[in-house]
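Source file: coords.cif (mmCIF, C-alpha atoms)
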```cif
data_run
loop_
_atom_site.label_atom_id
_atom_site.label_comp_id
_atom_site.auth_asym_id
_atom_site.auth_seq_id
_atom_site.Cartn_x
_atom_site.Cartn_y
_atom_site.Cartn_z
CA TRP A 1 182.08 169.49 49.64
CA ARG A 2 180.35 166.11 49.17
CA GLY A 3 177.73 167.35 46.74
CA LEU A 4 177.01 170.53 44.80
CA LEU A 5 173.77 171.23 42.93
CA LEU A 6 173.50 173.78 40.13
CA GLY A 7 169.79 173.83 39.41
CA ARG A 8 169.01 170.20 38.50
CA VAL A 9 172.63 169.33 37.69
CA ASN A 10 174.71 167.54 40.33
CA LEU A 11 178.37 168.59 40.16
CA ALA A 12 179.35 165.82 42.60
CA ALA A 13 182.06 166.14 45.24
CA GLY A 14 185.05 168.43 44.95
CA GLU A 15 187.52 170.80 46.54
CA ALA A 16 188.42 174.36 45.59
CA TRP A 17 191.18 176.74 46.67
CA LEU A 18 189.87 180.30 46.79
CA ASN A 19 191.38 183.71 47.43
CA SER A 20 188.92 185.86 49.37
CA ARG A 21 189.20 189.63 49.44
CA PRO A 22 186.87 192.41 50.65
CA ASP A 23 185.49 193.15 47.17
CA GLY A 24 185.24 189.61 45.80
CA ILE A 25 186.64 186.13 45.44
CA ALA A 26 188.92 184.34 42.95
CA LEU A 27 189.93 180.78 42.16
CA GLU A 28 193.52 180.11 43.21
CA GLU A 29 194.00 176.82 41.32
CA PRO A 30 192.20 175.17 38.38
CA LEU A 31 189.16 173.16 39.38
CA ALA A 32 187.84 169.97 37.72
CA LEU A 33 184.23 168.97 38.41
CA SER A 34 182.60 165.68 37.42
CA VAL A 35 179.27 166.50 35.79
CA LEU A 36 176.78 164.51 33.69
CA GLY A 37 179.25 161.80 32.76
CA GLY A 38 182.01 164.24 31.75
CA LYS A 39 184.19 166.99 33.13
CA PHE A 40 183.84 170.73 33.62
CA ARG A 41 187.32 172.22 34.01
CA LEU A 42 187.41 175.70 35.45
CA HIS A 43 190.73 177.42 34.71
CA GLU A 44 189.87 180.92 35.92
CA LEU A 45 187.08 182.42 38.00
CA ASN A 46 187.12 185.93 39.36
CA LEU A 47 184.07 187.50 41.02
CA SER A 48 184.03 191.20 41.92
CA LEU A 49 181.16 192.36 44.08
CA PRO A 50 179.27 195.65 43.59
CA GLY A 51 181.20 198.65 44.84
CA GLU A 52 183.71 201.25 43.67
CA GLY A 53 181.36 202.43 40.93
CA ARG A 54 180.01 198.92 40.13
CA THR A 55 176.26 198.52 40.60
CA GLU A 56 176.32 194.84 39.60
CA PRO A 57 178.80 192.00 40.14
CA GLU A 58 181.50 191.39 37.52
CA ILE A 59 182.60 187.86 36.59
CA ILE A 60 185.51 186.58 34.51
CA LEU A 61 185.54 182.86 33.68
CA ARG A 62 187.61 180.48 31.51
CA ALA A 63 186.66 176.81 31.25
CA ASP A 64 186.60 173.61 29.19
CA LEU A 65 183.78 171.12 28.69
CA GLU A 66 184.80 167.50 28.16
CA ALA A 67 182.40 164.74 27.00
CA ILE A 68 179.24 165.98 28.75
CA ASP A 69 176.50 163.38 28.09
CA MET A 70 173.63 165.05 26.19
CA GLU A 71 171.15 162.37 27.28
CA LEU A 72 171.81 163.13 30.93
CA LEU A 73 171.77 166.88 30.24
CA THR A 74 168.45 166.84 28.37
CA ARG A 75 166.84 164.70 31.07
CA ALA A 76 168.09 167.07 33.78
CA PHE A 77 166.48 170.09 32.08
CA GLY A 78 163.30 168.29 31.01
CA TRP A 79 164.05 168.66 27.28
CA PRO A 80 163.38 166.07 24.55
CA VAL A 81 165.91 163.32 25.25
CA PHE A 82 168.67 162.69 22.70
CA GLY A 83 172.21 161.38 22.76
CA GLY A 84 175.55 162.89 21.93
CA MET A 85 178.34 164.74 23.68
CA VAL A 86 179.08 168.36 24.54
CA SER A 87 182.73 169.33 24.45
CA GLY A 88 184.70 172.45 23.73
CA ARG A 89 186.71 175.34 25.02
CA ILE A 90 185.28 178.49 26.57
CA PRO A 91 188.15 180.99 26.27
CA GLY A 92 186.28 183.55 28.31
CA VAL A 93 182.93 184.50 29.79
CA ARG A 94 182.51 187.98 31.20
CA LEU A 95 179.72 189.61 33.18
CA ASP A 96 180.34 193.32 32.84
CA GLY A 97 177.78 196.10 33.12
CA GLY A 98 174.98 193.56 33.32
CA VAL A 99 175.99 191.87 30.03
CA ILE A 100 177.29 188.28 29.82
CA ARG A 101 179.59 187.78 26.81
CA LEU A 102 181.18 184.58 25.50
CA ASP A 103 184.66 184.88 24.01
CA GLY A 104 185.24 182.16 21.44
CA GLU A 105 182.76 179.35 20.82
CA ILE A 106 181.11 176.32 22.39
CA GLN A 107 181.16 173.11 20.34
CA VAL A 108 178.49 170.44 20.72
CA ASP A 109 178.84 166.95 19.20
CA VAL A 110 175.24 165.79 18.78
CA PHE A 111 173.11 163.73 16.35
CA ASP A 112 176.35 162.34 14.89
CA GLY A 113 177.26 165.86 13.75
CA ARG A 114 178.52 169.11 15.18
CA LEU A 115 176.96 172.35 16.42
CA GLN A 116 178.91 175.54 17.19
CA LEU A 117 177.66 178.47 19.28
CA ARG A 118 179.40 181.82 18.73
CA ASP A 119 179.12 185.48 19.74
CA LEU A 120 176.83 184.78 22.68
CA ALA A 121 175.75 187.87 24.62
CA ILE A 122 173.04 188.08 27.28
CA GLU A 123 171.86 191.46 28.59
CA ARG A 124 170.06 191.84 31.92
CA PRO A 125 170.33 188.09 32.68
CA PHE A 126 168.97 188.68 36.18
CA GLY A 127 166.71 191.63 35.38
CA VAL A 128 163.50 192.50 33.56
CA LEU A 129 163.19 191.45 29.89
CA PRO A 130 166.56 189.70 29.46
CA SER A 131 167.83 189.67 25.88
CA LEU A 132 170.11 187.21 24.09
CA ALA A 133 172.14 187.39 20.89
CA ALA A 134 174.04 184.50 19.27
CA ASP A 135 175.07 182.76 16.06
CA ILE A 136 174.69 178.98 15.65
CA GLU A 137 176.19 176.80 12.91
CA PHE A 138 175.64 173.07 12.51
CA GLU A 139 176.91 170.48 10.08
CA ASN A 140 176.41 166.83 9.13
CA LEU A 141 173.59 166.11 11.58
CA ASP A 142 171.81 162.74 11.30
CA LEU A 143 168.33 163.68 10.09
CA GLU A 144 166.80 160.38 11.14
CA ALA A 145 167.96 160.73 14.74
CA LEU A 146 166.88 164.38 14.81
CA THR A 147 163.39 163.91 13.38
CA GLN A 148 162.64 160.86 15.53
CA THR A 149 163.71 162.73 18.67
CA PHE A 150 161.27 165.57 18.00
CA SER A 151 158.43 163.36 16.64
CA PHE A 152 158.36 165.15 13.28
CA GLY A 153 158.23 161.96 11.26
CA ARG A 154 161.16 159.91 9.98
CA ILE A 155 163.54 161.46 7.43
CA SER A 156 166.83 159.79 6.54
CA GLY A 157 169.92 161.61 5.29
CA ARG A 158 172.05 164.44 6.68
CA LEU A 159 171.32 168.04 7.64
CA GLU A 160 173.34 171.24 7.79
CA GLY A 161 172.46 174.85 8.39
CA TYR A 162 172.60 177.83 10.71
CA VAL A 163 170.71 180.28 12.89
CA ARG A 164 172.41 183.66 12.41
CA ASP A 165 171.73 187.02 14.02
CA LEU A 166 169.53 185.35 16.63
CA ARG A 167 167.85 187.84 18.97
CA MET A 168 165.68 186.76 21.89
CA LEU A 169 163.73 188.98 24.27
CA ASP A 170 162.51 187.48 27.54
CA TRP A 171 163.78 184.15 26.10
CA GLN A 172 161.44 184.36 23.08
CA PRO A 173 162.89 184.75 19.53
CA VAL A 174 162.16 188.11 17.90
CA ALA A 175 164.64 187.98 14.99
CA PHE A 176 166.90 185.48 13.22
CA ASP A 177 167.99 184.23 9.81
CA ALA A 178 167.84 180.42 9.75
CA TRP A 179 168.43 177.67 7.20
CA LEU A 180 167.94 173.90 7.54
CA GLY A 181 168.72 171.75 4.53
CA THR A 182 170.38 168.69 3.06
CA PRO A 183 174.04 169.20 2.05
CA GLU A 184 174.72 169.93 -1.61
CA GLN A 185 177.18 167.01 -1.74
CA GLN A 186 174.49 164.54 -0.60
CA LYS A 187 173.86 162.25 -3.58
CA GLY A 188 171.04 159.90 -4.45
CA SER A 189 167.64 159.66 -2.76
CA ASN A 190 166.64 159.24 0.87
CA ALA A 191 163.50 158.08 2.65
CA ILE A 192 160.83 160.28 4.20
CA SER A 193 157.76 159.02 6.03
CA ARG A 194 154.15 159.98 5.30
CA ARG A 195 153.97 161.84 8.61
CA ALA A 196 157.05 163.92 7.81
CA VAL A 197 155.68 164.73 4.34
CA SER A 198 152.40 165.84 5.93
CA ASN A 199 154.17 168.06 8.47
CA LEU A 200 156.40 169.62 5.81
CA ALA A 201 153.42 170.15 3.50
CA THR A 202 151.54 171.93 6.28
CA ILE A 203 154.30 174.56 6.29
CA GLY A 204 154.12 174.79 2.50
CA GLY A 205 150.39 175.36 2.30
CA GLY A 206 150.29 173.70 -1.12
CA SER A 207 148.52 170.68 -2.60
CA ALA A 208 150.75 167.96 -1.17
CA THR A 209 148.60 167.49 1.95
CA ALA A 210 145.47 166.94 -0.13
CA ALA A 211 147.35 164.63 -2.48
CA LEU A 212 148.22 162.33 0.41
CA THR A 213 144.52 161.45 0.75
CA ASN A 214 144.56 159.96 -2.75
CA PRO A 215 143.61 156.26 -2.44
CA LEU A 216 146.72 155.22 -4.37
CA LEU A 217 149.09 157.26 -2.18
CA ARG A 218 147.47 155.84 0.96
CA MET A 219 149.17 152.57 0.10
CA PHE A 220 152.59 154.12 0.74
CA GLY A 221 153.97 154.70 4.22
CA ASN A 222 157.28 156.08 2.96
CA PHE A 223 158.44 158.12 -0.01
CA SER A 224 161.79 159.17 -1.47
CA TYR A 225 163.28 162.62 -1.80
CA ARG A 226 166.35 164.01 -3.55
CA ARG A 227 166.83 167.21 -1.54
CA LEU A 228 164.96 169.37 0.94
CA GLY A 229 165.47 172.62 2.77
CA ILE A 230 163.65 175.47 4.47
CA GLY A 231 164.83 178.90 5.49
CA CYS A 232 163.21 181.57 7.62
CA ARG A 233 164.10 185.22 8.15
CA LEU A 234 162.10 186.37 11.16
CA GLN A 235 161.30 190.07 11.51
CA ASN A 236 158.38 191.67 13.36
CA TYR A 237 157.11 188.18 14.24
CA VAL A 238 156.69 187.28 10.54
CA CYS A 239 158.77 184.54 8.91
CA ALA A 240 159.81 185.05 5.30
CA ILE A 241 160.22 181.50 3.93
CA ARG A 242 162.74 180.34 1.34
CA GLY A 243 163.58 176.89 -0.03
CA VAL A 244 166.13 175.04 -2.15
CA SER A 245 164.86 176.95 -5.22
CA GLU A 246 162.02 179.28 -6.15
CA ASP A 247 159.93 180.63 -9.01
CA ASP A 248 157.50 183.53 -9.36
CA VAL A 249 154.77 181.98 -7.21
CA SER A 250 156.39 179.45 -4.86
CA VAL A 251 159.51 178.11 -3.19
CA LEU A 252 160.58 174.47 -3.38
CA LEU A 253 160.83 172.82 0.07
CA MET A 254 161.31 169.21 -1.07
CA GLU A 255 162.20 167.68 -4.41
CA GLY A 256 160.77 164.19 -4.62
CA ALA A 257 162.36 161.14 -6.19
CA GLY A 258 161.24 157.74 -7.37
CA VAL A 259 157.65 156.56 -7.78
CA PRO A 260 155.36 157.96 -6.53
CA LYS A 261 157.16 161.30 -6.69
CA VAL A 262 155.98 163.80 -4.07
CA THR A 263 157.24 167.37 -4.35
CA ILE A 264 156.42 170.05 -1.78
CA ARG A 265 156.23 173.77 -2.53
CA ALA A 266 155.37 176.73 -0.30
CA TYR A 267 152.96 179.19 -1.85
CA ASN A 268 152.56 181.31 1.28
CA ARG A 269 155.99 182.85 1.72
CA ARG A 270 155.09 184.94 4.78
CA VAL A 271 154.00 183.09 7.93
CA ASP A 272 153.00 184.61 11.27
#
```
Give the structure from this file in structure tokens form.
Amino acid sequence: WRGLLLGRVNLAAGEAWLNSRPDGIALEEPLALSVLGGKFRLHELNLSLPGEGRTEPEIILRADLEAIDMELLTRAFGWPVFGGMVSGRIPGVRLDGGVIRLDGEIQVDVFDGRLQLRDLAIERPFGVLPSLAADIEFENLDLEALTQTFSFGRISGRLEGYVRDLRMLDWQPVAFDAWLGTPEQQKGSNAISRRAVSNLATIGGGSATAALTNPLLRMFGNFSYRRLGIGCRLQNYVCAIRGVSEDDVSVLLMEGAGVPKVTIRAYNRRVD
């Protein structure tokens, strides 16, 4: 073929050797596809059609991703545009009994750090109310690149964290345990913009937002912080918030540094 489109992604030209049989089709030889500036290498693909007790198709797939350009990928899907590379090994993907399962993990090199996707399972992917389960870990992300991409306000430093026990129903999150924070080994102070302080304080529901209207603080466009972090355990559409530390009445979301010193606490620990 001269061109092959998968949704909005062009897989370019290619050639495949297939073994066709009455109940399905299989890849005879490994297939390498040029996609989004990198390579998608398909080592195994076996499709069994419904029949002989199967009401849905069954798929077995093994593949590698090599240097997929995140900027091209995010543009293709209409997401916020950011750079980086996607690479990794997919030891196995199976569609069995209407459930897609990922064996092993997918690794994404993005924001000068690394993200790992594990234990991915999707039920009823082509049916009513599809559900998804997964665990995500990320380390050493560049906070400045991340916050500028999503227009949160500039924060310098690094970020690590996770989204564990993620459950989505009809592609909307219904449960997870998440943490986003600066690494413990990060030393010294880093910069945070007024806009980022305001957005973080809005989550906290404390006095930091009002303090920013102080005539003296209006003179400052940037502040310094020593550490920051926010966690959320979502159950029944309510987020239980945690921070880098806590006391009887609040959790600490950001510990300020320097002069003026701005510290952000969350007094409302349960957010709809």
Exercise for the section: Name all residues at most 6 Å from Asn19 of chain A (count only C-alpha atoms; drop same-chain ones fewer than 2 positions away) and give them as an MDAnalysis selection string. Expected result: chainID A and resid 25:26 28
If you keep C-alpha atoms, can you produce a file of those selected residues as a PDB file, in the coordinates of the input?
```
ATOM      1  CA  ILE A  25     186.640 186.130  45.440  1.00  0.00           C
ATOM      2  CA  ALA A  26     188.920 184.340  42.950  1.00  0.00           C
ATOM      3  CA  GLU A  28     193.520 180.110  43.210  1.00  0.00           C
TER       4      GLU A  28
END
```
Exercise for the section: Have a look at A:Gly88, A:Gly221, A:Gly24, A:Gly37 and name the one nearest to Glu105 of chain A; count all atoms listed in the file. Expected result: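 Selected residue with least distance to Glu105 of chain A: A:Gly88.
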Exercise for the section: Counting only C-alpha atoms, write as a ChimeraX atom specification all protein and nucleic acid residues lying at most 8 Å from (155.1, 176.7, 6.2) in the file's frame. Expected result: /A:200-205,241,266,268-269,271
Practice task
On this file, the PyMOL selection byres ((chain A and resi 252-254) around 12) gives some set of residues; write that set as a ChimeraX atom specification.
Solution key: /A:155,179-182,189-192,196-206,208,223-232,241-251,255-257,261-269
Exercise for the section: Rounded to one decimal place, report the atom CA of Ala133 of chain A-atom CA of Leu49 of chain A distance in Å. Expected result: 25.4 Å
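Relative to atom CA of Leu72 of chain A, atom CA of Asp170 of chain A is found at 26.3 Å.
Minimum distance to Gly51 of chain A across A:Asp23, A:Ala178, A:Gly38, A:Asp135 (counting only C-alpha atoms) occurs at A:Asp23.
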Completion exercise
re atom CA of Phe220 of chain A and atom CA of Gly188 of chain A: distance 20.0 Å
Problem - Hits of the PyMOL selection byres ((chain A and resi 64) around 12) in this structure, as a ChimeraX atom specification - result: /A:30-33,38-44,61-63,65-68,86-93,104-107
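All residues of protein, DNA or RNA that reach within 12 Å of Ala145 of chain A, judged by all atoms listed in the file and not counting those fewer than 4 positions away in the chain, are Val81, Phe82, Gly83, Gly84, Val110, Phe111, Asp112, Gly113, Asn140, Leu141, Thr149, Phe150, Ser151, Phe152, Gly153, Arg154, Ile155, Ser156, Gly157, Arg158 and Leu159 of chain A.
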Padded axis-aligned box of segment 96-100 of chain A (6 Å per side), centre and edge lengths, Å, one decimal, as AutoDock Vina command-line options:
```
--center_x 177.7 --center_y 192.2 --center_z 31.6 --size_x 17.4 --size_y 19.8 --size_z 15.5
```
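On the file presented, the PyMOL selection byres ((chain A and resi 127) around 12) picks out A:Glu56, A:Gly98, A:Val99, A:Ile122, A:Glu123, A:Arg124, A:Pro125, A:Phe126, A:Val128, A:Leu129, A:Pro130, A:Ser131, A:Leu169, A:Asp170.
If you measure from each of A:Glu184, A:Gln148, A:Leu95, A:Ala134 to Pro80 of chain A using all atoms listed in the file, the closest one turns out to be A:Gln148.
Here the question is which of A:Arg101, A:Arg233, A:Arg114, A:Arg8 gets nearest to Thr74 of chain A using all atoms listed in the file, and that residue is A:Arg8.
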Practice task
Could you check which of A:Leu18, A:Leu120, A:Arg195, A:Leu45 is closest to Met168 of chain A, using all atoms listed in the file?
Solution key: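 So, comparing all the options, the nearest one is A:Leu120.
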